[in-house]
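S.K.: Quick one: this structure, given as structure tokens, is what I'll be asking you about.
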Amino acid sequence: MGNTSCVLFACVDQASIGVVERSGRFEKLAEPGLHLFNPFVGQWLAGVLSTRISSLDVRIETKTKDNVFVQLVCSIQYRVMKQHADDAFYELQNPKQQIQAYVFDVVRALVTRMNLDDLFQQKGEVAKAVLEELEKVMREYGYSIEHILMVDIIPDAAVRKAMNEINAAQRLQLASVYKGEAEKVLQVKRAEAEAESKYLGGQGVARQRQAITDGMRENILNFSYKVEGSSAKEVMDLIMMTQYMDTMKEVGNSCSCRNTTVFIPHGPAHVRDIGEQIRNGLMEASTAQLDIVD
């Protein structure tokens, strides 16, 4: 409110409204601009009210339904209604105190019926309820409530610490689940890759052995054809002797075996024994395959 004045001329600023009295009684409202008054008949400017939006921050301490003490910070934005500026001027001595009292009453009535988690989730509903109640009451006194914002909800320090610990534990649990799923996928992919590698390796070994067998068969046939009187067994023994000597050469030239002593039975008789063992193994394998087919 502005100061009263008893002059012939008075100027009301923009975004303001003047209250004019005559002989101590309300006469009219003065719009922004220059106004002429007649002090001889008791006409004068009793006061000026701003029509700008004002903001009032209210801090309320209350208890929730689950017995948690919290502090709520509300921001109330209000203004004087031009058409009812006389009510705002004469009815309330301290409008901020009146608004604060109504906010206290409504918030404490609502919050005590809500749990802490519900309060955080429904703070917009609390602000809406306060707005409706406050708008209904303050309109009678010439004030319009524009907005009410629930700025902050501050639980007790111990409660905040407990909530943070619960949140941290939940996030760690979720991270463990994700980590376990990632390790599971990694192990599955590793097993699939290993199986595929062994499958391809087996195919390579099978092709290699097939090529060796085809080559040996071709060499035996060529040797038997060119050297008359030679049997397949003799040709096989000769090939085994050649392979044996090549193996001995590779063992001697191997870098990984330079500092290692390898004991291998040597002599034609041993080569013959190795050949017989290989032939017996091939015959047993062929017999097993025939039994399976039968």
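Ordering of the structure tokens sets the chain letters (A, B, ...), residue numbers begin anew at 1 in every chain, and ligands are numbered from 1 in the order given.
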A:Asp87: which residues within 12 Å, counting only C-alpha atoms, same-chain residues fewer than 3 positions away excluded, as a PyMOL selection string?

M.R.: chain A and resi 19+26+28-29+49+80-84+90-93+95+138-144

S.K.: For those residues, write N, CA, C and O atoms to a file as an mmCIF file, in the first residue's frame.

M.R.:
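Written out: selection.cif:
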```cif
data_model
loop_
_atom_site.group_PDB
_atom_site.id
_atom_site.type_symbol
_atom_site.label_atom_id
_atom_site.label_comp_id
_atom_site.auth_asym_id
_atom_site.auth_seq_id
_atom_site.Cartn_x
_atom_site.Cartn_y
_atom_site.Cartn_z
ATOM 1 N N VAL A 19 -6.852 4.150 -4.261
ATOM 2 C CA VAL A 19 -8.104 4.123 -3.490
ATOM 3 C C VAL A 19 -8.400 5.559 -3.058
ATOM 4 O O VAL A 19 -7.602 6.170 -2.338
ATOM 5 N N PHE A 26 -14.931 5.378 1.515
ATOM 6 C CA PHE A 26 -14.474 4.987 0.177
ATOM 7 C C PHE A 26 -15.395 5.576 -0.879
ATOM 8 O O PHE A 26 -16.622 5.508 -0.779
ATOM 9 N N LYS A 28 -14.099 5.811 -4.718
ATOM 10 C CA LYS A 28 -13.869 5.171 -6.017
ATOM 11 C C LYS A 28 -12.433 4.664 -6.085
ATOM 12 O O LYS A 28 -11.613 4.924 -5.204
ATOM 13 N N LEU A 29 -12.156 3.973 -7.184
ATOM 14 C CA LEU A 29 -10.813 3.515 -7.486
ATOM 15 C C LEU A 29 -10.214 4.397 -8.561
ATOM 16 O O LEU A 29 -10.917 4.822 -9.493
ATOM 17 N N LEU A 49 -2.395 0.533 -4.309
ATOM 18 C CA LEU A 49 -2.071 -0.895 -4.275
ATOM 19 C C LEU A 49 -1.426 -1.312 -5.591
ATOM 20 O O LEU A 49 -1.882 -0.886 -6.668
ATOM 21 N N VAL A 80 -3.443 -8.416 -6.562
ATOM 22 C CA VAL A 80 -4.670 -7.699 -6.220
ATOM 23 C C VAL A 80 -5.565 -7.646 -7.453
ATOM 24 O O VAL A 80 -5.115 -7.336 -8.558
ATOM 25 N N MET A 81 -6.830 -7.979 -7.292
ATOM 26 C CA MET A 81 -7.802 -7.876 -8.385
ATOM 27 C C MET A 81 -8.256 -6.414 -8.513
ATOM 28 O O MET A 81 -8.710 -5.807 -7.539
ATOM 29 N N LYS A 82 -8.121 -5.829 -9.687
ATOM 30 C CA LYS A 82 -8.414 -4.402 -9.875
ATOM 31 C C LYS A 82 -9.851 -4.057 -9.485
ATOM 32 O O LYS A 82 -10.100 -3.051 -8.826
ATOM 33 N N GLN A 83 -10.790 -4.901 -9.909
ATOM 34 C CA GLN A 83 -12.192 -4.583 -9.659
ATOM 35 C C GLN A 83 -12.583 -4.725 -8.196
ATOM 36 O O GLN A 83 -13.637 -4.218 -7.768
ATOM 37 N N HIS A 84 -11.723 -5.391 -7.409
ATOM 38 C CA HIS A 84 -11.991 -5.561 -5.981
ATOM 39 C C HIS A 84 -10.834 -5.015 -5.139
ATOM 40 O O HIS A 84 -10.583 -5.514 -4.030
ATOM 41 N N TYR A 90 -9.184 -2.573 2.380
ATOM 42 C CA TYR A 90 -9.863 -2.373 3.661
ATOM 43 C C TYR A 90 -10.023 -3.657 4.491
ATOM 44 O O TYR A 90 -10.102 -3.577 5.723
ATOM 45 N N GLU A 91 -10.087 -4.814 3.845
ATOM 46 C CA GLU A 91 -10.453 -6.029 4.570
ATOM 47 C C GLU A 91 -9.288 -6.648 5.336
ATOM 48 O O GLU A 91 -9.461 -7.119 6.458
ATOM 49 N N LEU A 92 -8.115 -6.703 4.708
ATOM 50 C CA LEU A 92 -6.985 -7.391 5.327
ATOM 51 C C LEU A 92 -5.903 -6.413 5.742
ATOM 52 O O LEU A 92 -5.471 -5.578 4.950
ATOM 53 N N GLN A 93 -5.456 -6.559 6.993
ATOM 54 C CA GLN A 93 -4.355 -5.740 7.477
ATOM 55 C C GLN A 93 -3.007 -6.291 7.006
ATOM 56 O O GLN A 93 -2.103 -5.538 6.653
ATOM 57 N N PRO A 95 -2.096 -9.276 4.401
ATOM 58 C CA PRO A 95 -2.510 -10.380 3.513
ATOM 59 C C PRO A 95 -1.517 -11.544 3.493
ATOM 60 O O PRO A 95 -1.914 -12.697 3.376
ATOM 61 N N MET A 138 -9.391 -16.283 -0.563
ATOM 62 C CA MET A 138 -8.764 -14.979 -0.774
ATOM 63 C C MET A 138 -9.507 -14.132 -1.805
ATOM 64 O O MET A 138 -9.350 -12.902 -1.831
ATOM 65 N N ARG A 139 -10.324 -14.754 -2.662
ATOM 66 C CA ARG A 139 -11.083 -13.964 -3.634
ATOM 67 C C ARG A 139 -12.073 -13.041 -2.918
ATOM 68 O O ARG A 139 -12.388 -11.947 -3.421
ATOM 69 N N GLU A 140 -12.564 -13.462 -1.779
ATOM 70 C CA GLU A 140 -13.480 -12.613 -1.024
ATOM 71 C C GLU A 140 -12.793 -11.359 -0.496
ATOM 72 O O GLU A 140 -13.468 -10.377 -0.181
ATOM 73 N N TYR A 141 -11.486 -11.396 -0.397
ATOM 74 C CA TYR A 141 -10.738 -10.238 0.117
ATOM 75 C C TYR A 141 -10.061 -9.450 -1.001
ATOM 76 O O TYR A 141 -9.216 -8.597 -0.743
ATOM 77 N N GLY A 142 -10.422 -9.751 -2.262
ATOM 78 C CA GLY A 142 -9.886 -8.977 -3.372
ATOM 79 C C GLY A 142 -8.549 -9.452 -3.896
ATOM 80 O O GLY A 142 -7.886 -8.725 -4.636
ATOM 81 N N TYR A 143 -8.146 -10.655 -3.561
ATOM 82 C CA TYR A 143 -6.865 -11.192 -4.027
ATOM 83 C C TYR A 143 -7.116 -12.405 -4.919
ATOM 84 O O TYR A 143 -7.976 -13.242 -4.651
ATOM 85 N N SER A 144 -6.321 -12.503 -5.984
ATOM 86 C CA SER A 144 -6.373 -13.638 -6.902
ATOM 87 C C SER A 144 -5.094 -14.456 -6.738
ATOM 88 O O SER A 144 -3.989 -13.919 -6.819
#
```

S.K.: Record the distance separating atom CA of A:Glu165 and atom CA of A:Asp117, expressed in Å with one decimal.

M.R.: 15.3 Å

S.K.: Any chance you could list, as a ChimeraX atom specification, the residues in stretch 112-194 of chain A that come up strand (DSSP E) when DSSP is run on the backbone?

M.R.: /A:143-155

S.K.: Output all heavy atoms of each residue in that selection to a file, as a JSON list (two decimals), in the first residue's frame.

M.R.:
```json
[["chain", "number", "residue", "atom", "x", "y", "z"],
["A", 143, "TYR", "N", -8.15, -10.65, -3.56],
["A", 143, "TYR", "CA", -6.87, -11.19, -4.03],
["A", 143, "TYR", "C", -7.12, -12.40, -4.92],
["A", 143, "TYR", "O", -7.98, -13.24, -4.65],
["A", 143, "TYR", "CB", -5.97, -11.60, -2.85],
["A", 143, "TYR", "CG", -5.37, -10.42, -2.12],
["A", 143, "TYR", "CD1", -6.02, -9.85, -1.04],
["A", 143, "TYR", "CD2", -4.15, -9.88, -2.51],
["A", 143, "TYR", "CE1", -5.49, -8.76, -0.36],
["A", 143, "TYR", "CE2", -3.60, -8.81, -1.84],
["A", 143, "TYR", "CZ", -4.27, -8.25, -0.76],
["A", 143, "TYR", "OH", -3.73, -7.17, -0.09],
["A", 144, "SER", "N", -6.32, -12.50, -5.98],
["A", 144, "SER", "CA", -6.37, -13.64, -6.90],
["A", 144, "SER", "C", -5.09, -14.46, -6.74],
["A", 144, "SER", "O", -3.99, -13.92, -6.82],
["A", 144, "SER", "CB", -6.50, -13.15, -8.35],
["A", 144, "SER", "OG", -6.36, -14.23, -9.26],
["A", 145, "ILE", "N", -5.25, -15.76, -6.50],
["A", 145, "ILE", "CA", -4.10, -16.67, -6.39],
["A", 145, "ILE", "C", -3.79, -17.19, -7.79],
["A", 145, "ILE", "O", -4.57, -17.95, -8.37],
["A", 145, "ILE", "CB", -4.38, -17.81, -5.41],
["A", 145, "ILE", "CG1", -4.87, -17.27, -4.06],
["A", 145, "ILE", "CG2", -3.14, -18.67, -5.22],
["A", 145, "ILE", "CD1", -3.89, -16.34, -3.39],
["A", 146, "GLU", "N", -2.64, -16.82, -8.34],
["A", 146, "GLU", "CA", -2.30, -17.18, -9.71],
["A", 146, "GLU", "C", -1.72, -18.59, -9.79],
["A", 146, "GLU", "O", -2.16, -19.41, -10.59],
["A", 146, "GLU", "CB", -1.29, -16.17, -10.28],
["A", 146, "GLU", "CG", -1.79, -14.73, -10.28],
["A", 146, "GLU", "CD", -2.97, -14.55, -11.20],
["A", 146, "GLU", "OE1", -3.04, -15.24, -12.24],
["A", 146, "GLU", "OE2", -3.83, -13.71, -10.89],
["A", 147, "HIS", "N", -0.72, -18.86, -9.00],
["A", 147, "HIS", "CA", -0.05, -20.17, -9.04],
["A", 147, "HIS", "C", 0.43, -20.54, -7.64],
["A", 147, "HIS", "O", 0.76, -19.66, -6.84],
["A", 147, "HIS", "CB", 1.15, -20.18, -10.00],
["A", 147, "HIS", "CG", 0.80, -19.82, -11.41],
["A", 147, "HIS", "ND1", 0.16, -20.69, -12.25],
["A", 147, "HIS", "CD2", 1.01, -18.68, -12.11],
["A", 147, "HIS", "CE1", -0.01, -20.11, -13.43],
["A", 147, "HIS", "NE2", 0.49, -18.88, -13.36],
["A", 148, "ILE", "N", 0.49, -21.85, -7.42],
["A", 148, "ILE", "CA", 1.12, -22.37, -6.20],
["A", 148, "ILE", "C", 2.07, -23.48, -6.63],
["A", 148, "ILE", "O", 1.65, -24.44, -7.30],
["A", 148, "ILE", "CB", 0.10, -22.90, -5.19],
["A", 148, "ILE", "CG1", -0.73, -21.74, -4.62],
["A", 148, "ILE", "CG2", 0.80, -23.64, -4.06],
["A", 148, "ILE", "CD1", -1.72, -22.16, -3.56],
["A", 149, "LEU", "N", 3.32, -23.35, -6.28],
["A", 149, "LEU", "CA", 4.34, -24.34, -6.65],
["A", 149, "LEU", "C", 4.86, -25.01, -5.39],
["A", 149, "LEU", "O", 5.22, -24.33, -4.42],
["A", 149, "LEU", "CB", 5.49, -23.67, -7.40],
["A", 149, "LEU", "CG", 5.12, -22.88, -8.66],
["A", 149, "LEU", "CD1", 6.34, -22.19, -9.23],
["A", 149, "LEU", "CD2", 4.47, -23.79, -9.69],
["A", 150, "MET", "N", 4.91, -26.33, -5.42],
["A", 150, "MET", "CA", 5.54, -27.08, -4.34],
["A", 150, "MET", "C", 7.03, -27.16, -4.68],
["A", 150, "MET", "O", 7.48, -28.04, -5.41],
["A", 150, "MET", "CB", 4.93, -28.48, -4.23],
["A", 150, "MET", "CG", 5.27, -29.20, -2.94],
["A", 150, "MET", "SD", 4.61, -28.39, -1.47],
["A", 150, "MET", "CE", 2.84, -28.56, -1.75],
["A", 151, "VAL", "N", 7.77, -26.20, -4.16],
["A", 151, "VAL", "CA", 9.17, -26.04, -4.57],
["A", 151, "VAL", "C", 10.04, -27.18, -4.08],
["A", 151, "VAL", "O", 10.88, -27.72, -4.82],
["A", 151, "VAL", "CB", 9.71, -24.68, -4.07],
["A", 151, "VAL", "CG1", 11.17, -24.51, -4.45],
["A", 151, "VAL", "CG2", 8.87, -23.55, -4.63],
["A", 152, "ASP", "N", 9.87, -27.58, -2.85],
["A", 152, "ASP", "CA", 10.79, -28.58, -2.29],
["A", 152, "ASP", "C", 10.10, -29.37, -1.18],
["A", 152, "ASP", "O", 9.21, -28.84, -0.49],
["A", 152, "ASP", "CB", 12.05, -27.91, -1.75],
["A", 152, "ASP", "CG", 13.22, -28.87, -1.62],
["A", 152, "ASP", "OD1", 13.06, -30.04, -2.00],
["A", 152, "ASP", "OD2", 14.30, -28.44, -1.14],
["A", 153, "ILE", "N", 10.52, -30.63, -1.06],
["A", 153, "ILE", "CA", 10.09, -31.50, 0.04],
["A", 153, "ILE", "C", 11.36, -31.99, 0.71],
["A", 153, "ILE", "O", 12.17, -32.69, 0.09],
["A", 153, "ILE", "CB", 9.23, -32.67, -0.46],
["A", 153, "ILE", "CG1", 7.98, -32.16, -1.18],
["A", 153, "ILE", "CG2", 8.85, -33.60, 0.68],
["A", 153, "ILE", "CD1", 7.16, -33.26, -1.83],
["A", 154, "ILE", "N", 11.55, -31.64, 1.96],
["A", 154, "ILE", "CA", 12.80, -31.93, 2.66],
["A", 154, "ILE", "C", 12.50, -32.85, 3.85],
["A", 154, "ILE", "O", 12.03, -32.37, 4.88],
["A", 154, "ILE", "CB", 13.49, -30.64, 3.14],
["A", 154, "ILE", "CG1", 13.61, -29.63, 1.99],
["A", 154, "ILE", "CG2", 14.85, -30.94, 3.74],
["A", 154, "ILE", "CD1", 14.10, -28.27, 2.41],
["A", 155, "PRO", "N", 12.77, -34.14, 3.72],
["A", 155, "PRO", "CA", 12.59, -35.02, 4.88],
["A", 155, "PRO", "C", 13.71, -34.79, 5.91],
["A", 155, "PRO", "O", 14.68, -34.07, 5.66],
["A", 155, "PRO", "CB", 12.67, -36.43, 4.27],
["A", 155, "PRO", "CG", 12.59, -36.24, 2.80],
["A", 155, "PRO", "CD", 13.11, -34.87, 2.51]]
```

S.K.: To test your reading of the structure, identify every residue in stretch 68-223 of chain A that backbone DSSP assigns to alpha helix (DSSP H), and report it as a PyMOL selection string.

M.R.: chain A and resi 85-90+95-111+116-121+123-138+157-223

S.K.: Give me, as a list in words, all polymer residues having an atom no more than 7 Å from A:Ile53, counting only C-alpha atoms and skipping those fewer than 3 positions away in the same chain.

M.R.: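 Here the answer would be Gln77, Tyr78 and Arg79 of chain A.
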
S.K.: Could you check how far atom CA of A:Val130 sits from atom CA of A:Val106, in Å to one decimal?

M.R.: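 Answer for the atom CA of A:Val130 to atom CA of A:Val106 separation: 6.0 Å.
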
S.K.: Any idea what the distance is between atom CA of A:Leu131 and atom CA of A:Val107?

M.R.: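 Pair atom CA of A:Leu131 / atom CA of A:Val107 returns 10.6 Å.
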
S.K.: Counting only C-alpha atoms, what is within 12 Å of A:Ala129, bar same-chain residues fewer than 4 positions away, as a list in words?

M.R.: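 What passes the distance filter is Tyr102, Val103, Asp105, Val106, Val107, Arg108, Ala109, Leu110, Val111, Gln122, Lys123, Gly124, Glu125, Glu133, Leu134, Glu135, Lys136, His147, Ile148, Leu149 and Met150 of chain A.
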
S.K.: Kindly export the residues of the current selection with N, CA and C atoms, as a short mmCIF file (atom, residue, chain, number, x, y, z; two decimals), in the first residue's frame.

M.R.:
```
data_model
loop_
_atom_site.label_atom_id
_atom_site.label_comp_id
_atom_site.auth_asym_id
_atom_site.auth_seq_id
_atom_site.Cartn_x
_atom_site.Cartn_y
_atom_site.Cartn_z
N TYR A 102 -3.60 -19.96 5.87
CA TYR A 102 -4.42 -20.90 5.11
C TYR A 102 -3.58 -22.01 4.49
N VAL A 103 -2.39 -21.67 4.02
CA VAL A 103 -1.50 -22.68 3.44
C VAL A 103 -1.12 -23.71 4.50
N ASP A 105 -2.80 -24.58 7.11
CA ASP A 105 -3.95 -25.40 7.46
C ASP A 105 -4.22 -26.47 6.41
N VAL A 106 -4.20 -26.11 5.14
CA VAL A 106 -4.53 -27.06 4.07
C VAL A 106 -3.43 -28.11 3.92
N VAL A 107 -2.17 -27.68 3.92
CA VAL A 107 -1.06 -28.63 3.71
C VAL A 107 -1.00 -29.64 4.85
N ARG A 108 -1.12 -29.19 6.07
CA ARG A 108 -1.04 -30.13 7.19
C ARG A 108 -2.21 -31.08 7.21
N ALA A 109 -3.38 -30.64 6.74
CA ALA A 109 -4.52 -31.55 6.68
C ALA A 109 -4.34 -32.63 5.61
N LEU A 110 -3.65 -32.30 4.52
CA LEU A 110 -3.46 -33.27 3.43
C LEU A 110 -2.28 -34.20 3.68
N VAL A 111 -1.16 -33.65 4.10
CA VAL A 111 0.07 -34.44 4.21
C VAL A 111 -0.06 -35.53 5.27
N GLN A 122 2.83 -37.20 -5.45
CA GLN A 122 1.59 -36.44 -5.62
C GLN A 122 1.72 -35.00 -5.11
N LYS A 123 2.92 -34.46 -5.17
CA LYS A 123 3.08 -33.09 -4.68
C LYS A 123 2.29 -32.09 -5.55
N GLY A 124 2.09 -32.44 -6.81
CA GLY A 124 1.26 -31.59 -7.66
C GLY A 124 -0.18 -31.56 -7.20
N GLU A 125 -0.67 -32.71 -6.72
CA GLU A 125 -2.03 -32.76 -6.20
C GLU A 125 -2.17 -31.92 -4.92
N GLU A 133 -8.39 -24.18 -2.43
CA GLU A 133 -8.87 -23.68 -1.16
C GLU A 133 -8.50 -22.22 -0.95
N LEU A 134 -7.26 -21.89 -1.29
CA LEU A 134 -6.80 -20.53 -1.08
C LEU A 134 -7.48 -19.54 -2.03
N GLU A 135 -7.72 -19.97 -3.26
CA GLU A 135 -8.40 -19.11 -4.23
C GLU A 135 -9.82 -18.81 -3.77
N LYS A 136 -10.49 -19.79 -3.23
CA LYS A 136 -11.87 -19.60 -2.79
C LYS A 136 -11.95 -18.61 -1.62
N HIS A 147 -0.72 -18.86 -9.00
CA HIS A 147 -0.05 -20.17 -9.04
C HIS A 147 0.43 -20.54 -7.64
N ILE A 148 0.49 -21.85 -7.42
CA ILE A 148 1.12 -22.37 -6.20
C ILE A 148 2.07 -23.48 -6.63
N LEU A 149 3.32 -23.35 -6.28
CA LEU A 149 4.34 -24.34 -6.65
C LEU A 149 4.86 -25.01 -5.39
N MET A 150 4.91 -26.33 -5.42
CA MET A 150 5.54 -27.08 -4.34
C MET A 150 7.03 -27.16 -4.68
#
```

S.K.: Using only C-alpha atoms, determine which residues lie at most 8 Å from A:Val70, disregarding the query and same-chain residues fewer than 2 positions distant; provide the list as a list in words.

M.R.: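 The contact residues come out as Glu61, Thr62, Lys63, Thr64, Val68, Leu72, Ile153, Ile154, Pro155 and Asp156 of chain A.
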
S.K.: Just to be explicit: take each residue in the selection above, keep all heavy atoms, and write the result as a compact mmCIF listing (two decimals), in the first residue's frame.

M.R.:
```
# COMPACT_ATOMS: atom_id res chain seq x y z
N GLU A 61 6.41 -27.23 8.29
CA GLU A 61 6.93 -28.47 8.86
C GLU A 61 5.75 -29.30 9.37
O GLU A 61 4.93 -28.82 10.16
CB GLU A 61 7.90 -28.19 10.00
CG GLU A 61 8.55 -29.45 10.57
CD GLU A 61 9.63 -29.14 11.60
OE1 GLU A 61 9.83 -27.94 11.89
OE2 GLU A 61 10.26 -30.09 12.10
N THR A 62 5.67 -30.54 8.91
CA THR A 62 4.56 -31.40 9.28
C THR A 62 5.02 -32.85 9.29
O THR A 62 6.19 -33.14 9.00
CB THR A 62 3.37 -31.21 8.31
OG1 THR A 62 2.27 -31.99 8.75
CG2 THR A 62 3.76 -31.61 6.91
N LYS A 63 4.09 -33.76 9.56
CA LYS A 63 4.40 -35.19 9.65
C LYS A 63 3.51 -35.96 8.70
O LYS A 63 2.33 -35.69 8.57
CB LYS A 63 4.20 -35.67 11.09
CG LYS A 63 4.61 -37.13 11.31
CD LYS A 63 4.47 -37.52 12.78
CE LYS A 63 3.02 -37.63 13.18
NZ LYS A 63 2.84 -38.21 14.53
N THR A 64 4.09 -36.95 8.03
CA THR A 64 3.35 -37.77 7.08
C THR A 64 2.62 -38.90 7.82
O THR A 64 2.77 -39.08 9.03
CB THR A 64 4.29 -38.36 6.02
OG1 THR A 64 5.26 -39.19 6.67
CG2 THR A 64 5.01 -37.25 5.27
N VAL A 68 6.94 -39.60 9.38
CA VAL A 68 8.18 -38.98 8.93
C VAL A 68 7.98 -37.46 8.93
O VAL A 68 7.06 -36.95 8.29
CB VAL A 68 8.57 -39.46 7.52
CG1 VAL A 68 9.85 -38.75 7.05
CG2 VAL A 68 8.78 -40.97 7.51
N LEU A 72 8.05 -28.68 3.88
CA LEU A 72 7.60 -28.37 2.53
C LEU A 72 7.75 -26.88 2.28
O LEU A 72 7.40 -26.06 3.13
CB LEU A 72 6.13 -28.77 2.33
CG LEU A 72 5.83 -30.27 2.33
CD1 LEU A 72 5.59 -30.78 3.74
CD2 LEU A 72 4.61 -30.57 1.45
N ILE A 153 10.52 -30.63 -1.06
CA ILE A 153 10.09 -31.50 0.04
C ILE A 153 11.36 -31.99 0.71
O ILE A 153 12.17 -32.69 0.09
CB ILE A 153 9.23 -32.67 -0.46
CG1 ILE A 153 7.98 -32.16 -1.18
CG2 ILE A 153 8.85 -33.60 0.68
CD1 ILE A 153 7.16 -33.26 -1.83
N ILE A 154 11.55 -31.64 1.96
CA ILE A 154 12.80 -31.93 2.66
C ILE A 154 12.50 -32.85 3.85
O ILE A 154 12.03 -32.37 4.88
CB ILE A 154 13.49 -30.64 3.14
CG1 ILE A 154 13.61 -29.63 1.99
CG2 ILE A 154 14.85 -30.94 3.74
CD1 ILE A 154 14.10 -28.27 2.41
N PRO A 155 12.77 -34.14 3.72
CA PRO A 155 12.59 -35.02 4.88
C PRO A 155 13.71 -34.79 5.91
O PRO A 155 14.68 -34.07 5.66
CB PRO A 155 12.67 -36.43 4.27
CG PRO A 155 12.59 -36.24 2.80
CD PRO A 155 13.11 -34.87 2.51
N ASP A 156 13.55 -35.44 7.04
CA ASP A 156 14.58 -35.38 8.07
C ASP A 156 15.89 -35.95 7.52
O ASP A 156 15.90 -36.80 6.63
CB ASP A 156 14.12 -36.19 9.28
CG ASP A 156 15.10 -36.09 10.43
OD1 ASP A 156 15.17 -35.03 11.07
OD2 ASP A 156 15.81 -37.10 10.67
```

S.K.: Quick one: of A:Leu221, A:Leu34, A:Val58, A:Val126, who's nearest to A:Ile76, counting only C-alpha atoms?

M.R.: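 Using only C-alpha atoms, the shortest distance to A:Ile76 belongs to A:Val58.
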
S.K.: When distances are computed from only C-alpha atoms, which of A:Gly252, A:Gly215, A:Pro32, A:Gly204 shows the smallest separation from A:Cys11?

M.R.: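 Checking each of A:Gly252, A:Gly215, A:Pro32, A:Gly204 against A:Cys11, counting only C-alpha atoms, the winner is A:Pro32.
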